[in-house]
$ cat query.cif   # mmCIF, C-alpha atoms
data_model
#
loop_
_atom_site.label_atom_id
_atom_site.label_comp_id
_atom_site.auth_asym_id
_atom_site.auth_seq_id
_atom_site.Cartn_x
_atom_site.Cartn_y
_atom_site.Cartn_z
CA MET Y 175 1.16 -11.93 -22.59
CA LYS Y 176 -0.02 -9.50 -25.19
CA ARG Y 177 2.38 -6.64 -25.85
CA GLY Y 178 1.11 -3.19 -25.04
CA LEU Y 179 -0.91 -4.46 -22.05
CA LEU Y 180 1.03 -4.97 -18.84
CA PHE Y 181 0.40 -7.90 -16.44
CA ALA Y 182 -2.20 -8.36 -14.64
CA LEU Y 183 -13.15 11.83 -3.02
CA VAL Y 184 -10.12 13.85 -3.48
CA MET Y 185 -9.44 15.83 -0.34
CA LEU Y 186 -6.73 18.36 -0.97
CA ALA Y 187 -4.46 19.10 1.95
CA PRO Y 188 -4.05 22.74 2.96
CA ALA Y 189 -1.17 24.57 1.39
CA VAL Y 190 1.93 24.66 3.55
CA ALA Y 191 5.37 26.15 3.25
CA GLN Y 192 7.80 23.83 1.46
CA ALA Y 193 10.55 24.07 4.06
CA GLN Y 194 11.87 20.93 5.67
CA THR Y 195 10.24 20.37 9.05
CA ARG Y 196 11.09 17.56 11.46
CA PRO Y 197 8.10 15.34 12.31
CA SER Y 198 6.80 15.57 15.87
CA SER Y 199 4.46 13.35 17.84
CA THR Y 200 1.37 14.93 19.37
CA SER Y 201 -1.62 13.55 21.21
CA GLN Y 202 -3.53 13.47 17.91
CA THR Y 203 -0.79 11.68 15.95
CA ASN Y 204 -0.27 9.18 18.78
CA THR Y 205 -3.99 8.43 18.86
CA ALA Y 206 -4.15 8.18 15.06
CA GLU Y 207 -1.27 5.69 15.08
CA LEU Y 208 -3.03 3.62 17.73
CA TYR Y 209 -6.25 3.51 15.71
CA LEU Y 210 -4.35 2.64 12.52
CA ASP Y 211 -2.54 -0.21 14.22
CA ARG Y 212 -5.78 -1.58 15.62
CA ALA Y 213 -7.51 -1.21 12.24
CA ARG Y 214 -4.81 -3.27 10.51
CA ARG Y 215 -5.30 -6.06 13.04
CA ALA Y 216 -9.11 -5.93 13.13
CA ASN Y 217 -10.90 -9.02 11.84
CA ARG Y 218 -14.42 -7.60 11.51
CA GLU Y 219 -15.04 -5.16 8.66
CA GLU Y 220 -17.39 -3.00 10.70
CA GLU Y 221 -14.80 -2.64 13.46
CA LYS Y 222 -12.07 -1.90 10.91
CA ARG Y 223 -14.13 0.84 9.23
CA ASP Y 224 -14.85 2.47 12.58
CA LEU Y 225 -11.17 2.44 13.58
CA VAL Y 226 -10.05 3.82 10.22
CA GLN Y 227 -12.58 6.64 10.47
CA LYS Y 228 -11.30 7.51 13.94
CA ALA Y 229 -7.71 7.44 12.68
CA LEU Y 230 -8.66 9.82 9.88
CA GLU Y 231 -10.36 12.21 12.28
CA GLN Y 232 -7.29 12.30 14.53
CA SER Y 233 -4.89 12.72 11.59
CA LEU Y 234 -6.87 15.66 10.20
CA ALA Y 235 -7.08 17.14 13.70
CA ALA Y 236 -3.27 16.90 13.92
CA ILE Y 237 -2.95 18.78 10.62
CA LYS Y 238 -5.39 21.44 11.77
CA ALA Y 239 -3.54 21.89 15.05
CA LYS Y 240 -0.07 22.10 13.45
CA ALA Y 241 -0.10 22.55 9.69
CA ASP Y 242 3.69 22.27 9.35
CA ASN Y 243 3.97 18.89 11.10
CA PRO Y 244 4.64 16.30 8.39
CA LYS Y 245 3.57 13.42 10.61
CA GLY Y 246 -0.08 14.46 10.46
CA TYR Y 247 -0.02 14.34 6.65
CA LEU Y 248 1.79 11.01 6.66
CA LEU Y 249 -0.80 9.42 8.92
CA ALA Y 250 -3.67 10.94 6.94
CA GLY Y 251 -2.12 9.49 3.78
CA LYS Y 252 -1.80 6.05 5.36
CA THR Y 253 -5.42 6.25 6.50
CA TYR Y 254 -6.63 7.18 3.02
CA ALA Y 255 -4.51 4.33 1.67
CA LEU Y 256 -6.42 1.91 3.94
CA LEU Y 257 -9.63 3.39 2.57
CA GLY Y 258 -8.37 2.80 -0.99
CA ASP Y 259 -8.61 6.52 -1.86
CA ALA Y 260 -5.52 6.87 -4.04
CA LEU Y 261 -5.90 10.57 -4.90
CA ALA Y 262 -6.46 11.71 -1.33
CA ALA Y 263 -3.58 9.53 -0.11
CA ASP Y 264 -1.35 10.96 -2.84
CA SER Y 265 -2.21 14.52 -1.82
CA MET Y 266 -1.37 13.85 1.82
CA PHE Y 267 1.81 11.93 1.03
CA ASP Y 268 2.95 14.77 -1.23
CA GLN Y 269 2.57 17.25 1.61
CA ALA Y 270 4.36 14.97 4.07
CA GLU Y 271 7.26 14.45 1.64
CA GLN Y 272 7.57 18.16 0.90
CA LEU Y 273 7.91 18.93 4.59
CA TRP Y 274 10.10 15.91 5.37
CA PRO Y 275 11.67 14.35 2.21
CA GLU Y 276 12.86 11.28 4.12
CA TYR Y 277 9.24 10.18 4.31
CA SER Y 278 9.40 9.26 0.62
CA LYS Y 279 11.13 6.01 1.64
CA GLU Y 280 8.26 5.17 3.97
CA THR Y 281 5.43 6.15 1.62
CA GLU Y 282 6.70 4.18 -1.38
CA THR Y 283 5.30 0.88 -0.11
CA ASP Y 284 1.87 2.43 0.39
CA ARG Y 285 2.06 4.07 -3.02
CA ILE Y 286 2.94 0.79 -4.75
CA GLN Y 287 0.04 -1.01 -3.08
CA LEU Y 288 -2.38 1.74 -4.13
CA TRP Y 289 -0.93 1.62 -7.66
CA ILE Y 290 -1.60 -2.12 -7.82
CA ARG Y 291 -5.19 -1.67 -6.61
CA ALA Y 292 -5.94 1.12 -9.08
CA TYR Y 293 -4.17 -0.69 -11.91
CA ASN Y 294 -6.04 -3.94 -11.32
CA ALA Y 295 -9.33 -2.05 -11.12
CA GLY Y 296 -8.47 -0.54 -14.51
CA ILE Y 297 -7.76 -3.98 -15.96
CA VAL Y 298 -11.12 -5.29 -14.73
CA ALA Y 299 -12.97 -2.27 -16.16
CA ALA Y 300 -11.16 -2.63 -19.49
CA ARG Y 301 -12.08 -6.31 -19.70
CA ASP Y 302 -15.71 -5.35 -19.04
CA ASN Y 303 -15.38 -2.89 -21.95
CA ASN Y 304 -15.92 0.07 -19.61
CA GLN Y 305 -13.22 2.27 -21.09
CA ASP Y 306 -14.07 5.46 -19.20
CA ASP Y 307 -13.86 3.75 -15.81
CA ALA Y 308 -10.68 1.98 -16.90
CA LEU Y 309 -9.15 5.32 -17.88
CA LYS Y 310 -10.07 6.83 -14.50
CA HIS Y 311 -8.45 3.95 -12.60
CA PHE Y 312 -5.28 3.99 -14.71
CA GLU Y 313 -4.94 7.76 -14.30
CA ASN Y 314 -5.36 7.36 -10.52
CA ALA Y 315 -2.54 4.81 -10.62
CA THR Y 316 -0.22 7.28 -12.35
CA HIS Y 317 -0.94 9.92 -9.70
CA ILE Y 318 -0.10 7.76 -6.71
CA PHE Y 319 3.04 6.09 -8.12
CA ASP Y 320 4.79 7.04 -11.34
CA LYS Y 321 7.73 4.66 -11.63
CA ARG Y 322 5.99 1.93 -13.64
CA PRO Y 323 4.94 2.27 -17.30
CA GLY Y 324 1.93 -0.07 -17.31
CA ALA Y 325 -0.83 2.41 -16.48
CA HIS Y 326 0.47 4.91 -19.04
CA LEU Y 327 0.59 2.22 -21.73
CA ASN Y 328 -3.02 1.29 -21.08
CA ILE Y 329 -4.03 4.95 -21.04
CA ALA Y 330 -2.35 5.30 -24.44
CA GLN Y 331 -4.28 2.33 -25.82
CA ILE Y 332 -7.60 3.69 -24.59
CA TYR Y 333 -6.97 7.10 -26.12
CA ALA Y 334 -5.86 5.46 -29.36
CA ARG Y 335 -9.18 3.56 -29.48
CA LYS Y 336 -10.96 6.86 -28.87
CA GLN Y 337 -8.91 8.29 -31.79
CA ASP Y 338 -7.46 10.95 -29.50
CA ASN Y 339 -4.00 10.54 -30.99
CA GLU Y 340 -2.32 13.44 -29.21
CA LYS Y 341 -3.21 12.13 -25.75
CA ALA Y 342 -2.22 8.62 -26.81
CA ILE Y 343 1.16 9.86 -28.05
CA ASN Y 344 1.78 11.77 -24.81
CA ALA Y 345 0.94 8.68 -22.73
CA TYR Y 346 3.32 6.52 -24.78
CA ARG Y 347 6.03 9.16 -24.46
CA THR Y 348 5.61 9.28 -20.67
CA ALA Y 349 5.79 5.49 -20.47
CA LEU Y 350 9.04 5.53 -22.46
CA GLN Y 351 10.51 8.17 -20.15
CA ILE Y 352 9.73 5.95 -17.15
CA ILE Y 353 11.28 2.92 -18.86
CA ALA Y 354 14.43 4.87 -19.73
CA LYS Y 355 15.19 6.09 -16.18
CA PRO Y 356 18.07 4.04 -14.70
CA GLU Y 357 16.70 4.38 -11.16
CA ASN Y 358 13.46 2.70 -12.26
CA ARG Y 359 15.26 -0.15 -14.00
CA GLN Y 360 17.69 -0.81 -11.13
CA VAL Y 361 14.95 -2.31 -8.94
CA LEU Y 362 13.63 -4.71 -11.61
CA LYS Y 363 13.70 -8.46 -11.14
CA PRO Y 364 15.53 -10.41 -13.88
CA GLU Y 365 12.28 -11.49 -15.53
CA GLU Y 366 11.02 -7.89 -15.51
CA VAL Y 367 14.05 -6.64 -17.44
CA LYS Y 368 12.96 -8.60 -20.53
CA GLN Y 369 9.36 -7.53 -19.98
CA TRP Y 370 10.32 -3.85 -19.89
CA SER Y 371 12.38 -4.28 -23.07
CA ASP Y 372 9.32 -5.71 -24.80
CA LEU Y 373 7.19 -2.85 -23.50
CA GLU Y 374 9.74 -0.32 -24.74
CA GLU Y 375 9.54 -1.82 -28.23
CA THR Y 376 5.73 -1.87 -28.22
CA ALA Y 377 5.45 1.70 -26.91
CA THR Y 378 8.01 3.02 -29.41
CA PHE Y 379 6.41 1.35 -32.40
CA ASN Y 380 2.86 2.33 -31.43
CA MET Y 381 3.86 5.92 -30.69
CA ALA Y 382 5.83 6.23 -33.92
CA GLN Y 383 2.92 4.83 -35.91
CA LEU Y 384 0.58 7.41 -34.37
CA LEU Y 385 3.09 10.17 -35.05
CA ALA Y 386 3.31 9.12 -38.69
CA THR Y 387 -0.49 8.89 -38.91
CA THR Y 388 -0.77 12.49 -37.74
CA GLY Y 389 1.86 13.63 -40.25
CA LYS Y 390 4.69 13.98 -37.71
CA ASN Y 391 7.14 11.83 -39.64
CA GLU Y 392 10.22 13.62 -38.33
CA GLU Y 393 9.17 12.87 -34.73
CA ALA Y 394 8.51 9.26 -35.74
CA LEU Y 395 11.99 9.16 -37.27
CA ARG Y 396 13.56 10.37 -34.02
CA ALA Y 397 11.61 7.78 -32.04
CA TYR Y 398 13.01 4.94 -34.16
CA GLN Y 399 16.52 6.40 -34.13
CA GLU Y 400 16.52 6.71 -30.32
CA PHE Y 401 15.22 3.17 -29.98
CA LEU Y 402 17.87 1.80 -32.37
CA ALA Y 403 20.60 3.62 -30.47
CA ARG Y 404 19.76 1.29 -27.58
CA ASN Y 405 18.69 -1.72 -29.67
CA PRO Y 406 20.83 -1.62 -32.84
CA SER Y 407 20.00 -5.16 -33.98
CA ASN Y 408 16.21 -4.78 -33.96
CA SER Y 409 15.26 -5.55 -37.57
CA MET Y 410 11.63 -4.37 -37.28
CA ALA Y 411 12.74 -0.99 -35.99
CA LYS Y 412 15.19 -0.72 -38.90
CA LEU Y 413 12.45 -1.59 -41.39
CA ASN Y 414 10.11 1.01 -39.90
CA LEU Y 415 12.94 3.54 -39.91
CA ALA Y 416 13.53 2.91 -43.62
CA ILE Y 417 9.82 3.39 -44.35
CA VAL Y 418 9.74 6.72 -42.52
CA LEU Y 419 12.92 7.86 -44.30
CA THR Y 420 11.27 7.06 -47.62
CA ARG Y 421 8.22 9.11 -46.66
CA LEU Y 422 10.54 12.01 -45.90
CA ASP Y 423 12.19 11.60 -49.35
CA GLN Y 424 15.49 10.68 -47.71
CA THR Y 425 15.93 7.86 -50.19
CA ALA Y 426 19.71 7.52 -49.87
CA ASP Y 427 19.45 7.06 -46.10
CA ALA Y 428 16.54 4.66 -46.57
CA ALA Y 429 18.59 2.59 -49.05
CA LYS Y 430 21.43 2.40 -46.56
CA VAL Y 431 19.08 1.04 -43.88
CA TYR Y 432 17.62 -1.49 -46.34
CA ASN Y 433 21.15 -2.68 -47.12
CA GLU Y 434 21.82 -3.08 -43.40
CA LEU Y 435 18.68 -5.20 -43.16
CA LEU Y 436 19.80 -7.44 -46.03
CA ALA Y 437 23.16 -7.91 -44.33
CA MET Y 438 21.36 -9.10 -41.20
CA VAL Y 439 19.54 -11.93 -43.02
#
$ encode --input "query.cif" --output "C-alpha cells"
Amino acid sequence: MKRGLLFALVMLAPAVAQAQTRPSSTSQTNTAELYLDRARRANREEEKRDLVQKALEQSLAAIKAKADNPKGYLLAGKTYALLGDALAADSMFDQAEQLWPEYSKETETDRIQLWIRAYNAGIVAARDNNQDDALKHFENATHIFDKRPGAHLNIAQIYARKQDNEKAINAYRTALQIIAKPENRQVLKPEEVKQWSDLEETATFNMAQLLATTGKNEEALRAYQEFLARNPSNSMAKLNLAIVLTRLDQTADAAKVYNELLAMV
C-alpha cells in the first residue's frame, strides 16, 4: 500500500437547548421505528425507499411535536444514514447526542458505516481523477466520523496537488492529532497499529516538507522533534531534522544530529 493514501442535501435540525433530556417514545417515534425495521428487512428497492421515506416523515414529525426529545433526532439520523446522506445524518446525530450524550454509543456504528461509504466514494472519485468530487466525499467523511486519519490525509494530498499549502498543512495536522489520541489508538487491531505508525511518519514528513516550502522552518523543526520524541530511532526523521537545523543556521545542533546518524550505521 502506498503511504499517504489509506486503504481502500444537508438538512439542519432546529436549534434546541443543550440540556440533557431523557428520550421518550411517542406515536411518531414508534411508527418511525416500525418503518425503519421494515425498511432494513425489505428485499425490493422500491419498497425499501417507500418505507425509508415514511420513517423520515414520522421522525421529523416527532421532532416538530417535541423538539427536546432526543429520540426523534436519533431516528431521523438513522433514516438519513439509510439514505446515505452523511451530512444530514451527522446534523441529527449531533442534536440527539447533545440532548442525550449516551446516544453517542449507539450512533457510532452508523457514523462508521457512513464514513466508510463517503471514504470509498472519495477513493473512487480520486482514481477517476475527479479531485473536486473526491474532496467533497472525504470532507463529508470527516464530518460524520472524526476518529480516523485517512480522509484528512487524502484531503491534504488533494490540496497539496492544488498547491493550496495552508489547507494541506492543516489537514495533515488534524490527521496527526487523530493519530496521537490514545482513545483512537486503543481500538486498533494489531495490524492497524503498524499502519497508523506508517501514516504518522508519512503525514509528519509531508507536513514538515510543506512547512519548509512555505518558509516555516521553525514549525517544520518542531514537527520533526515531536515525531522523534515518539520514534527516536527513525533515521530519516533525524536526517530531515538536521537539514532543517542547517537551514536555520543552527549548525552545532545539526552536527550533533549528523553524528547521531553516523553512530546508528
$ atom_distance --input "query.cif" --atom1 "atom CA of Ile417 of chain Y" --atom2 "atom CA of Ile352 of chain Y"
27.3 Å
$ residues_near_point --input "query.cif" --point "(11.1, 4.5, -44.2)" --cutoff "9 Å" --atoms "all atoms listed in the file" --output "ChimeraX atom specification"
/Y:395,412-425,427-428,431
$ closest_residue --input "query.cif" --among "Y:Pro323, Y:Pro244, Y:Gly258, Y:Pro364" --to "Ala345 of chain Y" --atoms "only C-alpha atoms"
Y:Pro323
$ atom_distance --input "query.cif" --atom1 "atom CA of Ala213 of chain Y" --atom2 "atom CA of Ile318 of chain Y"
22.2 Å
$ residues_around --input "query.cif" --residues "Leu288 of chain Y" --least-positions-apart "3" --cutoff "12 Å" --atoms "all atoms listed in the file" --output "tab-separated table (two decimals) with C-alpha atoms, in the frame of the given file"
chain	number	residue	atom	x	y	z
Y	251	GLY	CA	-2.12	9.49	3.78
Y	252	LYS	CA	-1.80	6.05	5.36
Y	253	THR	CA	-5.42	6.25	6.50
Y	254	TYR	CA	-6.63	7.18	3.02
Y	255	ALA	CA	-4.51	4.33	1.67
Y	256	LEU	CA	-6.42	1.91	3.94
Y	257	LEU	CA	-9.63	3.39	2.57
Y	258	GLY	CA	-8.37	2.80	-0.99
Y	259	ASP	CA	-8.61	6.52	-1.86
Y	260	ALA	CA	-5.52	6.87	-4.04
Y	261	LEU	CA	-5.90	10.57	-4.90
Y	262	ALA	CA	-6.46	11.71	-1.33
Y	263	ALA	CA	-3.58	9.53	-0.11
Y	264	ASP	CA	-1.35	10.96	-2.84
Y	281	THR	CA	5.43	6.15	1.62
Y	282	GLU	CA	6.70	4.18	-1.38
Y	283	THR	CA	5.30	0.88	-0.11
Y	284	ASP	CA	1.87	2.43	0.39
Y	285	ARG	CA	2.06	4.07	-3.02
Y	291	ARG	CA	-5.19	-1.67	-6.61
Y	292	ALA	CA	-5.94	1.12	-9.08
Y	293	TYR	CA	-4.17	-0.69	-11.91
Y	294	ASN	CA	-6.04	-3.94	-11.32
Y	295	ALA	CA	-9.33	-2.05	-11.12
Y	311	HIS	CA	-8.45	3.95	-12.60
Y	312	PHE	CA	-5.28	3.99	-14.71
Y	314	ASN	CA	-5.36	7.36	-10.52
Y	315	ALA	CA	-2.54	4.81	-10.62
Y	316	THR	CA	-0.22	7.28	-12.35
Y	317	HIS	CA	-0.94	9.92	-9.70
Y	318	ILE	CA	-0.10	7.76	-6.71
Y	319	PHE	CA	3.04	6.09	-8.12
Y	320	ASP	CA	4.79	7.04	-11.34
$ resolve_selection --input "query.cif" --expression "the PyMOL selection byres ((chain Y and resi 237) around 10)" --output "PyMOL selection string"
chain Y and resi 187-188+202-203+232-236+238-250
$ atom_distance --input "query.cif" --atom1 "atom CA of Ala330 of chain Y" --atom2 "atom CA of Asn344 of chain Y"
7.7 Å
$ closest_atom_pairs --input "query.cif" --of "segment 237-340 of chain Y" --to "segment 380-386 of chain Y" --cutoff "12 Å" --atoms "all atoms listed in the file" --output "Markdown table"
| residue | atom | partner | partner_atom | distance |
| --- | --- | --- | --- | --- |
| Y:Leu327 | CA | Y:Asn380 | CA | 10.0 |
| Y:Asn328 | CA | Y:Asn380 | CA | 11.9 |
| Y:Ala330 | CA | Y:Met381 | CA | 8.8 |
| Y:Gln331 | CA | Y:Asn380 | CA | 9.1 |
| Y:Tyr333 | CA | Y:Leu384 | CA | 11.2 |
| Y:Ala334 | CA | Y:Leu384 | CA | 8.4 |
| Y:Arg335 | CA | Y:Leu384 | CA | 11.6 |
| Y:Gln337 | CA | Y:Leu384 | CA | 9.9 |
| Y:Asp338 | CA | Y:Leu384 | CA | 10.0 |
| Y:Asn339 | CA | Y:Leu384 | CA | 6.5 |
| Y:Glu340 | CA | Y:Leu384 | CA | 8.4 |
$ resolve_selection --input "query.cif" --expression "the PyMOL selection byres ((chain Y and resi 398) around 9)" --output "mmCIF file with C-alpha atoms, in the coordinates of the input"
data_model
loop_
_atom_site.group_PDB
_atom_site.id
_atom_site.type_symbol
_atom_site.label_atom_id
_atom_site.label_comp_id
_atom_site.auth_asym_id
_atom_site.auth_seq_id
_atom_site.Cartn_x
_atom_site.Cartn_y
_atom_site.Cartn_z
ATOM 1 C CA THR Y 378 8.010 3.020 -29.410
ATOM 2 C CA PHE Y 379 6.410 1.350 -32.400
ATOM 3 C CA ALA Y 382 5.830 6.230 -33.920
ATOM 4 C CA GLU Y 393 9.170 12.870 -34.730
ATOM 5 C CA ALA Y 394 8.510 9.260 -35.740
ATOM 6 C CA LEU Y 395 11.990 9.160 -37.270
ATOM 7 C CA ARG Y 396 13.560 10.370 -34.020
ATOM 8 C CA ALA Y 397 11.610 7.780 -32.040
ATOM 9 C CA GLN Y 399 16.520 6.400 -34.130
ATOM 10 C CA GLU Y 400 16.520 6.710 -30.320
ATOM 11 C CA PHE Y 401 15.220 3.170 -29.980
ATOM 12 C CA LEU Y 402 17.870 1.800 -32.370
ATOM 13 C CA ALA Y 403 20.600 3.620 -30.470
ATOM 14 C CA ALA Y 411 12.740 -0.990 -35.990
ATOM 15 C CA LYS Y 412 15.190 -0.720 -38.900
ATOM 16 C CA ASN Y 414 10.110 1.010 -39.900
ATOM 17 C CA LEU Y 415 12.940 3.540 -39.910
#
$ axis_aligned_box --input "query.cif" --around "segment 396-413 of chain Y" --padding-each-side "6 Å" --output "AutoDock Vina command-line options"
--center_x 16.2 --center_y 2.4 --center_z -34.5 --size_x 21.2 --size_y 27.9 --size_z 25.8
$ resolve_selection --input "query.cif" --expression "the PyMOL selection byres ((chain Y and resi 229) around 7)" --output "list in words"
Ala206, Tyr209, Leu210, Leu225, Val226, Gln227, Lys228, Leu230, Glu231, Gln232, Ser233 and Thr253 of chain Y
$ closest_residue --input "query.cif" --among "Y:Arg196, Y:Ala354, Y:Arg347, Y:Gln272" --to "Val367 of chain Y" --atoms "all atoms listed in the file"
Y:Ala354
$ decode --input "query.cif" --residues "segment 401-418 of chain Y" --atoms "N, CA and C atoms" --output "compact mmCIF listing (two decimals), in the first residue's frame"
# COMPACT_ATOMS: atom_id res chain seq x y z
N PHE Y 401 7.93 14.20 16.45
CA PHE Y 401 7.91 12.85 15.90
C PHE Y 401 9.04 12.01 16.50
N LEU Y 402 10.23 12.58 16.59
CA LEU Y 402 11.38 11.85 17.13
C LEU Y 402 11.25 11.57 18.63
N ALA Y 403 10.47 12.39 19.32
CA ALA Y 403 10.24 12.12 20.74
C ALA Y 403 9.50 10.80 20.92
N ARG Y 404 8.70 10.45 19.92
CA ARG Y 404 7.96 9.18 19.96
C ARG Y 404 8.66 8.08 19.17
N ASN Y 405 9.52 8.48 18.23
CA ASN Y 405 10.21 7.50 17.37
C ASN Y 405 11.69 7.86 17.29
N PRO Y 406 12.42 7.73 18.38
CA PRO Y 406 13.80 8.23 18.46
C PRO Y 406 14.79 7.55 17.51
N SER Y 407 14.47 6.38 17.00
CA SER Y 407 15.42 5.67 16.14
C SER Y 407 15.14 5.83 14.65
N ASN Y 408 14.24 6.73 14.30
CA ASN Y 408 13.89 6.92 12.89
C ASN Y 408 14.98 7.76 12.21
N SER Y 409 15.79 7.12 11.39
CA SER Y 409 16.95 7.78 10.78
C SER Y 409 16.54 8.85 9.77
N MET Y 410 15.46 8.62 9.01
CA MET Y 410 15.03 9.61 8.04
C MET Y 410 14.56 10.89 8.72
N ALA Y 411 13.85 10.73 9.82
CA ALA Y 411 13.41 11.91 10.57
C ALA Y 411 14.61 12.68 11.11
N LYS Y 412 15.63 11.96 11.57
CA LYS Y 412 16.85 12.62 12.07
C LYS Y 412 17.54 13.38 10.94
N LEU Y 413 17.63 12.76 9.76
CA LEU Y 413 18.27 13.42 8.63
C LEU Y 413 17.51 14.69 8.26
N ASN Y 414 16.19 14.60 8.18
CA ASN Y 414 15.38 15.78 7.86
C ASN Y 414 15.51 16.85 8.93
N LEU Y 415 15.61 16.42 10.18
CA LEU Y 415 15.80 17.36 11.28
C LEU Y 415 17.12 18.11 11.11
N ALA Y 416 18.17 17.39 10.77
CA ALA Y 416 19.48 18.01 10.57
C ALA Y 416 19.45 19.02 9.44
N ILE Y 417 18.73 18.69 8.37
CA ILE Y 417 18.62 19.61 7.23
C ILE Y 417 17.92 20.90 7.64
N VAL Y 418 16.83 20.77 8.39
CA VAL Y 418 16.09 21.95 8.83
C VAL Y 418 16.94 22.78 9.79
